[in-house]
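So this one's entry07.pdb, PDB, C-alpha atoms and all ligand atoms:
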ATOM      1  CA  MET A   6      11.626   1.330 -17.892  1.00  0.00           C
ATOM      2  CA  SER A   7       8.652   3.132 -16.323  1.00  0.00           C
ATOM      3  CA  ASP A   8       7.464   2.581 -12.750  1.00  0.00           C
ATOM      4  CA  PHE A   9       4.467   0.752 -14.207  1.00  0.00           C
ATOM      5  CA  GLU A  10       6.599  -1.533 -16.383  1.00  0.00           C
ATOM      6  CA  GLU A  11       8.798  -2.461 -13.432  1.00  0.00           C
ATOM      7  CA  LEU A  12       5.759  -3.435 -11.357  1.00  0.00           C
ATOM      8  CA  TYR A  13       4.236  -5.255 -14.341  1.00  0.00           C
ATOM      9  CA  ASP A  14       7.353  -7.395 -14.832  1.00  0.00           C
ATOM     10  CA  ILE A  15       7.488  -8.238 -11.122  1.00  0.00           C
ATOM     11  CA  ALA A  16       3.768  -9.128 -11.131  1.00  0.00           C
ATOM     12  CA  VAL A  17       4.297 -11.412 -14.151  1.00  0.00           C
ATOM     13  CA  ALA A  18       7.152 -13.144 -12.303  1.00  0.00           C
ATOM     14  CA  ALA A  19       4.876 -13.589  -9.264  1.00  0.00           C
ATOM     15  CA  GLN A  20       2.066 -14.935 -11.444  1.00  0.00           C
ATOM     16  CA  ASP A  21       4.472 -17.632 -12.586  1.00  0.00           C
ATOM     17  CA  HIS A  22       4.490 -18.975  -9.009  1.00  0.00           C
ATOM     18  CA  ALA A  23       0.711 -18.999  -8.577  1.00  0.00           C
ATOM     19  CA  TYR A  24      -0.640 -22.176  -6.990  1.00  0.00           C
ATOM     20  CA  CYS A  25      -4.034 -22.536  -8.639  1.00  0.00           C
ATOM     21  CA  PRO A  26      -4.728 -26.190  -9.488  1.00  0.00           C
ATOM     22  CA  TYR A  27      -8.486 -25.696  -8.956  1.00  0.00           C
ATOM     23  CA  SER A  28      -9.284 -22.514 -10.869  1.00  0.00           C
ATOM     24  CA  ARG A  29      -6.309 -22.681 -13.263  1.00  0.00           C
ATOM     25  CA  TYR A  30      -6.451 -18.894 -13.119  1.00  0.00           C
ATOM     26  CA  PRO A  31      -3.017 -17.653 -12.079  1.00  0.00           C
ATOM     27  CA  VAL A  32      -2.788 -14.141 -10.679  1.00  0.00           C
ATOM     28  CA  GLY A  33       0.271 -12.069  -9.818  1.00  0.00           C
ATOM     29  CA  ALA A  34       0.356  -8.763  -7.966  1.00  0.00           C
ATOM     30  CA  ALA A  35       3.103  -6.249  -7.320  1.00  0.00           C
ATOM     31  CA  LEU A  36       2.837  -3.069  -5.308  1.00  0.00           C
ATOM     32  CA  ARG A  37       5.034  -0.078  -4.619  1.00  0.00           C
ATOM     33  CA  THR A  38       4.999   1.680  -1.261  1.00  0.00           C
ATOM     34  CA  ALA A  39       5.460   5.362  -0.477  1.00  0.00           C
ATOM     35  CA  SER A  40       9.110   4.661   0.394  1.00  0.00           C
ATOM     36  CA  GLY A  41       9.667   3.061  -3.033  1.00  0.00           C
ATOM     37  CA  LYS A  42       9.891  -0.566  -1.941  1.00  0.00           C
ATOM     38  CA  VAL A  43       8.202  -3.219  -4.057  1.00  0.00           C
ATOM     39  CA  PHE A  44       6.390  -6.347  -2.829  1.00  0.00           C
ATOM     40  CA  SER A  45       4.689  -9.093  -4.787  1.00  0.00           C
ATOM     41  CA  GLY A  46       2.360 -12.023  -4.299  1.00  0.00           C
ATOM     42  CA  CYS A  47       0.466 -14.738  -6.141  1.00  0.00           C
ATOM     43  CA  ASN A  48      -2.782 -16.558  -5.514  1.00  0.00           C
ATOM     44  CA  VAL A  49      -2.498 -19.685  -3.368  1.00  0.00           C
ATOM     45  CA  GLU A  50      -5.464 -22.059  -3.527  1.00  0.00           C
ATOM     46  CA  ASN A  51      -6.404 -24.918  -1.235  1.00  0.00           C
ATOM     47  CA  ALA A  52      -8.295 -28.192  -1.602  1.00  0.00           C
ATOM     48  CA  ALA A  53     -10.622 -26.693   1.001  1.00  0.00           C
ATOM     49  CA  TYR A  54     -11.657 -24.043  -1.518  1.00  0.00           C
ATOM     50  CA  PRO A  55     -12.595 -21.096   0.737  1.00  0.00           C
ATOM     51  CA  LEU A  56      -9.103 -21.104   2.248  1.00  0.00           C
ATOM     52  CA  GLY A  57      -7.475 -19.941  -0.969  1.00  0.00           C
ATOM     53  CA  SER A  58      -5.901 -16.508  -0.938  1.00  0.00           C
ATOM     54  CA  CYS A  59      -5.581 -13.833  -3.590  1.00  0.00           C
ATOM     55  CA  ALA A  60      -2.380 -12.477  -5.098  1.00  0.00           C
ATOM     56  CA  GLU A  61      -3.031  -9.001  -3.686  1.00  0.00           C
ATOM     57  CA  ALA A  62      -3.376 -10.440  -0.177  1.00  0.00           C
ATOM     58  CA  GLY A  63       0.035 -12.110  -0.484  1.00  0.00           C
ATOM     59  CA  ALA A  64       1.704  -8.891  -1.639  1.00  0.00           C
ATOM     60  CA  ILE A  65       0.096  -6.942   1.209  1.00  0.00           C
ATOM     61  CA  THR A  66       1.236  -9.504   3.778  1.00  0.00           C
ATOM     62  CA  ALA A  67       4.820  -9.234   2.473  1.00  0.00           C
ATOM     63  CA  MET A  68       4.577  -5.432   2.691  1.00  0.00           C
ATOM     64  CA  VAL A  69       3.325  -5.446   6.271  1.00  0.00           C
ATOM     65  CA  LEU A  70       5.951  -7.994   7.278  1.00  0.00           C
ATOM     66  CA  ALA A  71       8.588  -5.519   6.036  1.00  0.00           C
ATOM     67  CA  GLY A  72       7.097  -2.770   8.202  1.00  0.00           C
ATOM     68  CA  GLU A  73       5.542  -0.830   5.319  1.00  0.00           C
ATOM     69  CA  HIS A  74       1.981   0.473   5.387  1.00  0.00           C
ATOM     70  CA  GLU A  75       1.363   2.745   2.392  1.00  0.00           C
ATOM     71  CA  ILE A  76       0.613   1.513  -1.119  1.00  0.00           C
ATOM     72  CA  VAL A  77       0.963   4.109  -3.882  1.00  0.00           C
ATOM     73  CA  GLU A  78       0.719   1.906  -6.976  1.00  0.00           C
ATOM     74  CA  LEU A  79      -0.299  -1.696  -7.586  1.00  0.00           C
ATOM     75  CA  VAL A  80      -0.370  -3.936 -10.653  1.00  0.00           C
ATOM     76  CA  THR A  81      -2.295  -7.185 -11.020  1.00  0.00           C
ATOM     77  CA  VAL A  82      -1.708  -9.656 -13.834  1.00  0.00           C
ATOM     78  CA  THR A  83      -4.318 -12.247 -14.755  1.00  0.00           C
ATOM     79  CA  GLY A  84      -4.887 -14.579 -17.661  1.00  0.00           C
ATOM     80  CA  GLY A  85      -7.663 -14.129 -20.216  1.00  0.00           C
ATOM     81  CA  ILE A  86      -8.363 -11.388 -22.721  1.00  0.00           C
ATOM     82  CA  VAL A  87     -10.081  -9.115 -20.222  1.00  0.00           C
ATOM     83  CA  PRO A  88      -7.939  -8.040 -17.248  1.00  0.00           C
ATOM     84  CA  GLY A  89      -9.396  -9.250 -13.954  1.00  0.00           C
ATOM     85  CA  THR A  90      -9.733  -6.259 -11.672  1.00  0.00           C
ATOM     86  CA  PRO A  91      -9.174  -6.896  -7.938  1.00  0.00           C
ATOM     87  CA  CYS A  92     -12.055  -8.725  -6.259  1.00  0.00           C
ATOM     88  CA  GLY A  93     -14.185  -6.843  -3.761  1.00  0.00           C
ATOM     89  CA  GLY A  94     -12.307  -8.235  -0.790  1.00  0.00           C
ATOM     90  CA  CYS A  95      -8.960  -7.215  -2.265  1.00  0.00           C
ATOM     91  CA  ARG A  96     -10.211  -3.709  -3.011  1.00  0.00           C
ATOM     92  CA  GLN A  97     -10.913  -3.415   0.698  1.00  0.00           C
ATOM     93  CA  ARG A  98      -7.509  -4.911   1.563  1.00  0.00           C
ATOM     94  CA  ILE A  99      -5.739  -2.388  -0.701  1.00  0.00           C
ATOM     95  CA  ARG A 100      -7.841   0.483   0.629  1.00  0.00           C
ATOM     96  CA  GLU A 101      -6.699  -0.250   4.189  1.00  0.00           C
ATOM     97  CA  PHE A 102      -3.162   0.754   3.198  1.00  0.00           C
ATOM     98  CA  ALA A 103      -3.732   3.400   0.521  1.00  0.00           C
ATOM     99  CA  GLN A 104      -4.868   6.955  -0.039  1.00  0.00           C
ATOM    100  CA  SER A 105      -7.894   7.099  -2.354  1.00  0.00           C
ATOM    101  CA  SER A 106      -5.570   8.417  -5.098  1.00  0.00           C
ATOM    102  CA  ALA A 107      -3.396   5.264  -5.153  1.00  0.00           C
ATOM    103  CA  VAL A 108      -3.299   3.808  -8.656  1.00  0.00           C
ATOM    104  CA  VAL A 109      -4.310   0.218  -9.475  1.00  0.00           C
ATOM    105  CA  HIS A 110      -3.473  -1.225 -12.897  1.00  0.00           C
ATOM    106  CA  SER A 111      -5.324  -4.424 -13.831  1.00  0.00           C
ATOM    107  CA  THR A 112      -3.541  -6.210 -16.650  1.00  0.00           C
ATOM    108  CA  THR A 113      -3.487  -9.502 -18.495  1.00  0.00           C
ATOM    109  CA  THR A 114      -0.562 -11.265 -20.080  1.00  0.00           C
ATOM    110  CA  GLU A 115      -2.714 -12.373 -23.028  1.00  0.00           C
ATOM    111  CA  SER A 116      -3.516  -8.867 -24.220  1.00  0.00           C
ATOM    112  CA  GLY A 117      -0.230  -7.322 -23.125  1.00  0.00           C
ATOM    113  CA  HIS A 118      -0.257  -4.379 -20.781  1.00  0.00           C
ATOM    114  CA  LYS A 119      -1.825  -2.109 -23.404  1.00  0.00           C
ATOM    115  CA  ALA A 120      -5.205  -3.628 -22.474  1.00  0.00           C
ATOM    116  CA  SER A 121      -4.760  -2.668 -18.844  1.00  0.00           C
ATOM    117  CA  ILE A 122      -7.468  -0.930 -16.837  1.00  0.00           C
ATOM    118  CA  THR A 123      -6.075   1.868 -14.686  1.00  0.00           C
ATOM    119  CA  LEU A 124      -8.213   3.262 -11.887  1.00  0.00           C
ATOM    120  CA  THR A 125      -7.569   4.729  -8.460  1.00  0.00           C
ATOM    121  CA  ILE A 126      -8.536   2.691  -5.416  1.00  0.00           C
ATOM    122  CA  GLY A 127     -11.077   5.445  -4.705  1.00  0.00           C
ATOM    123  CA  GLU A 128     -12.696   4.721  -8.068  1.00  0.00           C
ATOM    124  CA  LEU A 129     -12.587   0.962  -7.507  1.00  0.00           C
ATOM    125  CA  LEU A 130     -14.092   1.283  -4.035  1.00  0.00           C
ATOM    126  CA  PRO A 131     -16.001   4.553  -3.669  1.00  0.00           C
ATOM    127  CA  GLU A 132     -17.341   5.798  -0.335  1.00  0.00           C
ATOM    128  CA  SER A 133     -15.514   2.982   1.375  1.00  0.00           C
ATOM    129  CA  PHE A 134     -15.188   2.105   5.016  1.00  0.00           C
ATOM    130  CA  GLY A 135     -11.711   2.395   6.486  1.00  0.00           C
ATOM    131  CA  PRO A 136      -9.516   3.193   9.473  1.00  0.00           C
ATOM    132  CA  GLU A 137     -10.671   6.815   9.399  1.00  0.00           C
ATOM    133  CA  ASN A 138     -14.164   5.703  10.306  1.00  0.00           C
ATOM    134  CA  LEU A 139     -12.867   4.020  13.421  1.00  0.00           C
ATOM    135  CA  PHE A 140     -10.242   6.578  14.395  1.00  0.00           C
ATOM    136  CA  GLY A 141     -11.938   9.761  13.209  1.00  0.00           C
ATOM    137  CA  LYS A 142      -9.056  10.940  11.016  1.00  0.00           C
ATOM    138  CA  PRO A 143     -10.325  12.408   7.713  1.00  0.00           C
ATOM    139  CA  GLU A 144      -9.020  10.656   4.608  1.00  0.00           C
ATOM    140  CA  SER A 145      -6.588  12.777   2.539  1.00  0.00           C
TER     141      SER A 145
HETATM  142  N1  LIG A 201      -7.893 -14.012  -7.488  1.00  0.00           N
HETATM  143  C1  LIG A 201      -6.862 -13.194  -7.097  1.00  0.00           C
HETATM  144  O1  LIG A 201      -5.753 -13.666  -6.816  1.00  0.00           O
HETATM  145  N2  LIG A 201      -7.106 -11.877  -7.011  1.00  0.00           N
HETATM  146  C2  LIG A 201      -8.301 -11.283  -7.294  1.00  0.00           C
HETATM  147  O2  LIG A 201      -8.451 -10.093  -7.081  1.00  0.00           O
HETATM  148  C3  LIG A 201      -9.372 -12.068  -7.912  1.00  0.00           C
HETATM  149  C4  LIG A 201      -9.222 -13.533  -7.832  1.00  0.00           C
HETATM  150  C5  LIG A 201      -7.657 -15.465  -7.540  1.00  0.00           C
HETATM  151  C6  LIG A 201      -8.409 -16.246  -6.493  1.00  0.00           C
HETATM  152  C7  LIG A 201      -8.491 -17.616  -7.116  1.00  0.00           C
HETATM  153  O3  LIG A 201      -7.303 -18.328  -6.795  1.00  0.00           O
HETATM  154  C8  LIG A 201      -8.523 -17.336  -8.601  1.00  0.00           C
HETATM  155  O4  LIG A 201      -8.091 -15.988  -8.771  1.00  0.00           O
HETATM  156  C9  LIG A 201      -9.892 -17.502  -9.226  1.00  0.00           C
HETATM  157  O5  LIG A 201     -10.846 -16.757  -8.572  1.00  0.00           O
END
For the structure just supplied, provide its representation as structure tokens.
Amino acid sequence: MSDFEELYDIAVAAQDHAYCPYSRYPVGAALRTASGKVFSGCNVENAAYPLGSCAEAGAITAMVLAGEHEIVELVTVTGGIVPGTPCGGCRQRIREFAQSSAVVHSTTTESGHKASITLTIGELLPESFGPENLFGKPES
């Protein structure tokens, strides 16, 4: 099993736990850190709609809680024929903890992972704002 397939399977398992009674659009995310640990999350909606959170946000919270800060690869799994790439806010969330070369695979269970869109976070969020802007450290 490839690194991608492992993350994909974990993201599918996370998607199964999505709480999305309002959108009925379940999302799962799984990420691997530089140390090789894997964390996952699902979207969690709320009757007060703006309080809902994305799958990527849940996976990042789990990662930070474990003391990890560097994402090297991330997989999202959505429904539908066309894979849903991470929303703008989640691109920024991922970027906070990733080099621009970190790989993001957007996949959908309906089309299988062959329909996935693979881009780096630098491609998904070019010329982005990040910690380097505040701390003056050039991005590698
Ligand atoms: N959603 C995610 O979990 N991640 C994204 O990157 C895009 C959108 C969720 C939020 C909401 O629960 C549902 O998908 C529909 O927007």
>> Set the distance at 10 Å and use all atoms listed in the file: which residues neighbour A:Gln104 once local chain neighbours fewer than 4 positions away are removed? I'd like the list as a list in words.
In response: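 Close residues of A:Gln104: Glu75, Ile76, Val77, Ile99, Arg100, Val108, Thr125, Ile126, Gly127, Glu144 and Ser145 of chain A.
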Could you write out as JSON the box around ligand LIG 201 (chain A) (axis-aligned, all atoms listed in the file, 8 Å on each side), with centre and edge lengths in Å to one decimal?
{"center_x": -8.3, "center_y": -14.2, "center_z": -7.9, "size_x": 21.1, "size_y": 24.2, "size_z": 18.7}
> Residues at most 9 Å from ligand LIG 201 (chain A), using only C-alpha atoms and all ligand atoms? Could they come as a PyMOL selection string?
Replying inline: chain A and resi 23-34+46-51+54+57-63+81-83+89-96
>> Under the PyMOL selection byres (((chain A and resi 78) around 10) and not hetatm), which residues of this model are included? Write them out as a PyMOL selection string.
In response: chain A and resi 8-9+12+35-39+41+43+75-77+79-80+99+103+106-110+125-126
> What does the distance between atom CA of A:Glu73 and atom CA of A:Tyr13 come to in Å, to one decimal place?
Replying inline: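 For atom CA of A:Glu73 relative to atom CA of A:Tyr13, the distance reads 20.2 Å.
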> What gap, in Å, lies between atom CA of A:Val17 and atom CA of A:Ala64?
Replying inline: 13.0 Å
> Pick the closest to A:Glu132 from A:Glu115, A:Leu70, A:Gln97, A:Val87: which is it, counting all atoms listed in the file?
Replying inline: A:Gln97
> Distance atom CA of A:Ala120-atom CA of A:Phe44, one decimal place?
Replying inline: 23.0 Å
>> For a quick check of understanding, using all atoms listed in the file, which of A:Gly85, A:Lys42, A:Leu56, A:Leu124 has the smallest distance to A:Val69?
In response: A:Lys42
Output stretch 20-31 of chain A with all heavy atoms present, as a PDB file, in the coordinates of the input.
ATOM      1  N   GLN A  20       3.140 -14.114 -10.867  1.00  0.00           N
ATOM      2  CA  GLN A  20       2.066 -14.935 -11.444  1.00  0.00           C
ATOM      3  C   GLN A  20       2.590 -16.327 -11.805  1.00  0.00           C
ATOM      4  O   GLN A  20       1.879 -17.326 -11.704  1.00  0.00           O
ATOM      5  CB  GLN A  20       1.491 -14.238 -12.682  1.00  0.00           C
ATOM      6  CG  GLN A  20       0.292 -14.951 -13.292  1.00  0.00           C
ATOM      7  CD  GLN A  20      -0.058 -14.431 -14.673  1.00  0.00           C
ATOM      8  OE1 GLN A  20       0.811 -13.952 -15.402  1.00  0.00           O
ATOM      9  NE2 GLN A  20      -1.319 -14.516 -15.036  1.00  0.00           N
ATOM     10  N   ASP A  21       3.840 -16.368 -12.197  1.00  0.00           N
ATOM     11  CA  ASP A  21       4.472 -17.632 -12.586  1.00  0.00           C
ATOM     12  C   ASP A  21       4.522 -18.618 -11.424  1.00  0.00           C
ATOM     13  O   ASP A  21       4.652 -19.827 -11.633  1.00  0.00           O
ATOM     14  CB  ASP A  21       5.883 -17.303 -13.069  1.00  0.00           C
ATOM     15  CG  ASP A  21       6.372 -18.292 -14.086  1.00  0.00           C
ATOM     16  OD1 ASP A  21       5.557 -18.687 -14.933  1.00  0.00           O
ATOM     17  OD2 ASP A  21       7.553 -18.677 -14.010  1.00  0.00           O
ATOM     18  N   HIS A  22       4.437 -18.110 -10.199  1.00  0.00           N
ATOM     19  CA  HIS A  22       4.490 -18.975  -9.009  1.00  0.00           C
ATOM     20  C   HIS A  22       3.102 -19.274  -8.443  1.00  0.00           C
ATOM     21  O   HIS A  22       2.996 -19.906  -7.389  1.00  0.00           O
ATOM     22  CB  HIS A  22       5.356 -18.329  -7.927  1.00  0.00           C
ATOM     23  CG  HIS A  22       6.799 -18.263  -8.297  1.00  0.00           C
ATOM     24  ND1 HIS A  22       7.634 -19.357  -8.265  1.00  0.00           N
ATOM     25  CD2 HIS A  22       7.551 -17.233  -8.734  1.00  0.00           C
ATOM     26  CE1 HIS A  22       8.842 -19.001  -8.675  1.00  0.00           C
ATOM     27  NE2 HIS A  22       8.825 -17.725  -8.961  1.00  0.00           N
ATOM     28  N   ALA A  23       2.067 -18.789  -9.103  1.00  0.00           N
ATOM     29  CA  ALA A  23       0.711 -18.999  -8.577  1.00  0.00           C
ATOM     30  C   ALA A  23       0.450 -20.498  -8.368  1.00  0.00           C
ATOM     31  O   ALA A  23       0.856 -21.334  -9.186  1.00  0.00           O
ATOM     32  CB  ALA A  23      -0.313 -18.414  -9.548  1.00  0.00           C
ATOM     33  N   TYR A  24      -0.224 -20.796  -7.267  1.00  0.00           N
ATOM     34  CA  TYR A  24      -0.640 -22.176  -6.990  1.00  0.00           C
ATOM     35  C   TYR A  24      -2.160 -22.207  -7.157  1.00  0.00           C
ATOM     36  O   TYR A  24      -2.911 -21.773  -6.270  1.00  0.00           O
ATOM     37  CB  TYR A  24      -0.230 -22.573  -5.570  1.00  0.00           C
ATOM     38  CG  TYR A  24      -0.707 -23.967  -5.186  1.00  0.00           C
ATOM     39  CD1 TYR A  24      -0.077 -25.107  -5.694  1.00  0.00           C
ATOM     40  CD2 TYR A  24      -1.796 -24.128  -4.337  1.00  0.00           C
ATOM     41  CE1 TYR A  24      -0.523 -26.380  -5.362  1.00  0.00           C
ATOM     42  CE2 TYR A  24      -2.246 -25.398  -3.996  1.00  0.00           C
ATOM     43  CZ  TYR A  24      -1.613 -26.510  -4.509  1.00  0.00           C
ATOM     44  OH  TYR A  24      -2.055 -27.766  -4.184  1.00  0.00           O
ATOM     45  N   CYS A  25      -2.601 -22.639  -8.329  1.00  0.00           N
ATOM     46  CA  CYS A  25      -4.034 -22.536  -8.639  1.00  0.00           C
ATOM     47  C   CYS A  25      -4.519 -23.777  -9.399  1.00  0.00           C
ATOM     48  O   CYS A  25      -5.073 -23.647 -10.501  1.00  0.00           O
ATOM     49  CB  CYS A  25      -4.310 -21.271  -9.433  1.00  0.00           C
ATOM     50  SG  CYS A  25      -3.259 -21.095 -10.903  1.00  0.00           S
ATOM     51  N   PRO A  26      -4.325 -24.970  -8.792  1.00  0.00           N
ATOM     52  CA  PRO A  26      -4.728 -26.190  -9.488  1.00  0.00           C
ATOM     53  C   PRO A  26      -6.240 -26.316  -9.658  1.00  0.00           C
ATOM     54  O   PRO A  26      -6.691 -27.105 -10.488  1.00  0.00           O
ATOM     55  CB  PRO A  26      -4.183 -27.304  -8.586  1.00  0.00           C
ATOM     56  CG  PRO A  26      -4.102 -26.694  -7.230  1.00  0.00           C
ATOM     57  CD  PRO A  26      -3.751 -25.252  -7.470  1.00  0.00           C
ATOM     58  N   TYR A  27      -7.023 -25.553  -8.908  1.00  0.00           N
ATOM     59  CA  TYR A  27      -8.486 -25.696  -8.956  1.00  0.00           C
ATOM     60  C   TYR A  27      -9.100 -24.733  -9.967  1.00  0.00           C
ATOM     61  O   TYR A  27      -9.892 -25.139 -10.813  1.00  0.00           O
ATOM     62  CB  TYR A  27      -9.073 -25.529  -7.543  1.00  0.00           C
ATOM     63  CG  TYR A  27      -8.334 -26.439  -6.579  1.00  0.00           C
ATOM     64  CD1 TYR A  27      -7.453 -25.931  -5.633  1.00  0.00           C
ATOM     65  CD2 TYR A  27      -8.446 -27.827  -6.702  1.00  0.00           C
ATOM     66  CE1 TYR A  27      -6.722 -26.772  -4.808  1.00  0.00           C
ATOM     67  CE2 TYR A  27      -7.707 -28.680  -5.889  1.00  0.00           C
ATOM     68  CZ  TYR A  27      -6.847 -28.147  -4.942  1.00  0.00           C
ATOM     69  OH  TYR A  27      -6.112 -28.980  -4.149  1.00  0.00           O
ATOM     70  N   SER A  28      -8.719 -23.481  -9.907  1.00  0.00           N
ATOM     71  CA  SER A  28      -9.284 -22.514 -10.869  1.00  0.00           C
ATOM     72  C   SER A  28      -8.478 -22.472 -12.172  1.00  0.00           C
ATOM     73  O   SER A  28      -8.995 -22.059 -13.206  1.00  0.00           O
ATOM     74  CB  SER A  28      -9.292 -21.105 -10.266  1.00  0.00           C
ATOM     75  OG  SER A  28      -7.973 -20.586 -10.175  1.00  0.00           O
ATOM     76  N   ARG A  29      -7.234 -22.854 -12.120  1.00  0.00           N
ATOM     77  CA  ARG A  29      -6.309 -22.681 -13.263  1.00  0.00           C
ATOM     78  C   ARG A  29      -6.340 -21.242 -13.758  1.00  0.00           C
ATOM     79  O   ARG A  29      -6.284 -20.965 -14.952  1.00  0.00           O
ATOM     80  CB  ARG A  29      -6.636 -23.661 -14.390  1.00  0.00           C
ATOM     81  CG  ARG A  29      -6.542 -25.105 -13.946  1.00  0.00           C
ATOM     82  CD  ARG A  29      -6.503 -26.071 -15.102  1.00  0.00           C
ATOM     83  NE  ARG A  29      -6.502 -27.446 -14.620  1.00  0.00           N
ATOM     84  CZ  ARG A  29      -5.444 -28.073 -14.110  1.00  0.00           C
ATOM     85  NH1 ARG A  29      -4.280 -27.442 -14.007  1.00  0.00           N
ATOM     86  NH2 ARG A  29      -5.545 -29.320 -13.698  1.00  0.00           N
ATOM     87  N   TYR A  30      -6.413 -20.319 -12.814  1.00  0.00           N
ATOM     88  CA  TYR A  30      -6.451 -18.894 -13.119  1.00  0.00           C
ATOM     89  C   TYR A  30      -5.340 -18.229 -12.314  1.00  0.00           C
ATOM     90  O   TYR A  30      -5.559 -17.746 -11.188  1.00  0.00           O
ATOM     91  CB  TYR A  30      -7.827 -18.336 -12.736  1.00  0.00           C
ATOM     92  CG  TYR A  30      -8.079 -16.906 -13.141  1.00  0.00           C
ATOM     93  CD1 TYR A  30      -8.331 -16.567 -14.472  1.00  0.00           C
ATOM     94  CD2 TYR A  30      -8.081 -15.885 -12.189  1.00  0.00           C
ATOM     95  CE1 TYR A  30      -8.579 -15.255 -14.838  1.00  0.00           C
ATOM     96  CE2 TYR A  30      -8.341 -14.574 -12.537  1.00  0.00           C
ATOM     97  CZ  TYR A  30      -8.591 -14.267 -13.860  1.00  0.00           C
ATOM     98  OH  TYR A  30      -8.849 -12.962 -14.219  1.00  0.00           O
ATOM     99  N   PRO A  31      -4.129 -18.225 -12.840  1.00  0.00           N
ATOM    100  CA  PRO A  31      -3.017 -17.653 -12.079  1.00  0.00           C
ATOM    101  C   PRO A  31      -3.067 -16.132 -12.032  1.00  0.00           C
ATOM    102  O   PRO A  31      -3.375 -15.473 -13.036  1.00  0.00           O
ATOM    103  CB  PRO A  31      -1.777 -18.127 -12.855  1.00  0.00           C
ATOM    104  CG  PRO A  31      -2.247 -18.373 -14.243  1.00  0.00           C
ATOM    105  CD  PRO A  31      -3.703 -18.760 -14.143  1.00  0.00           C
TER     106      PRO A  31
END
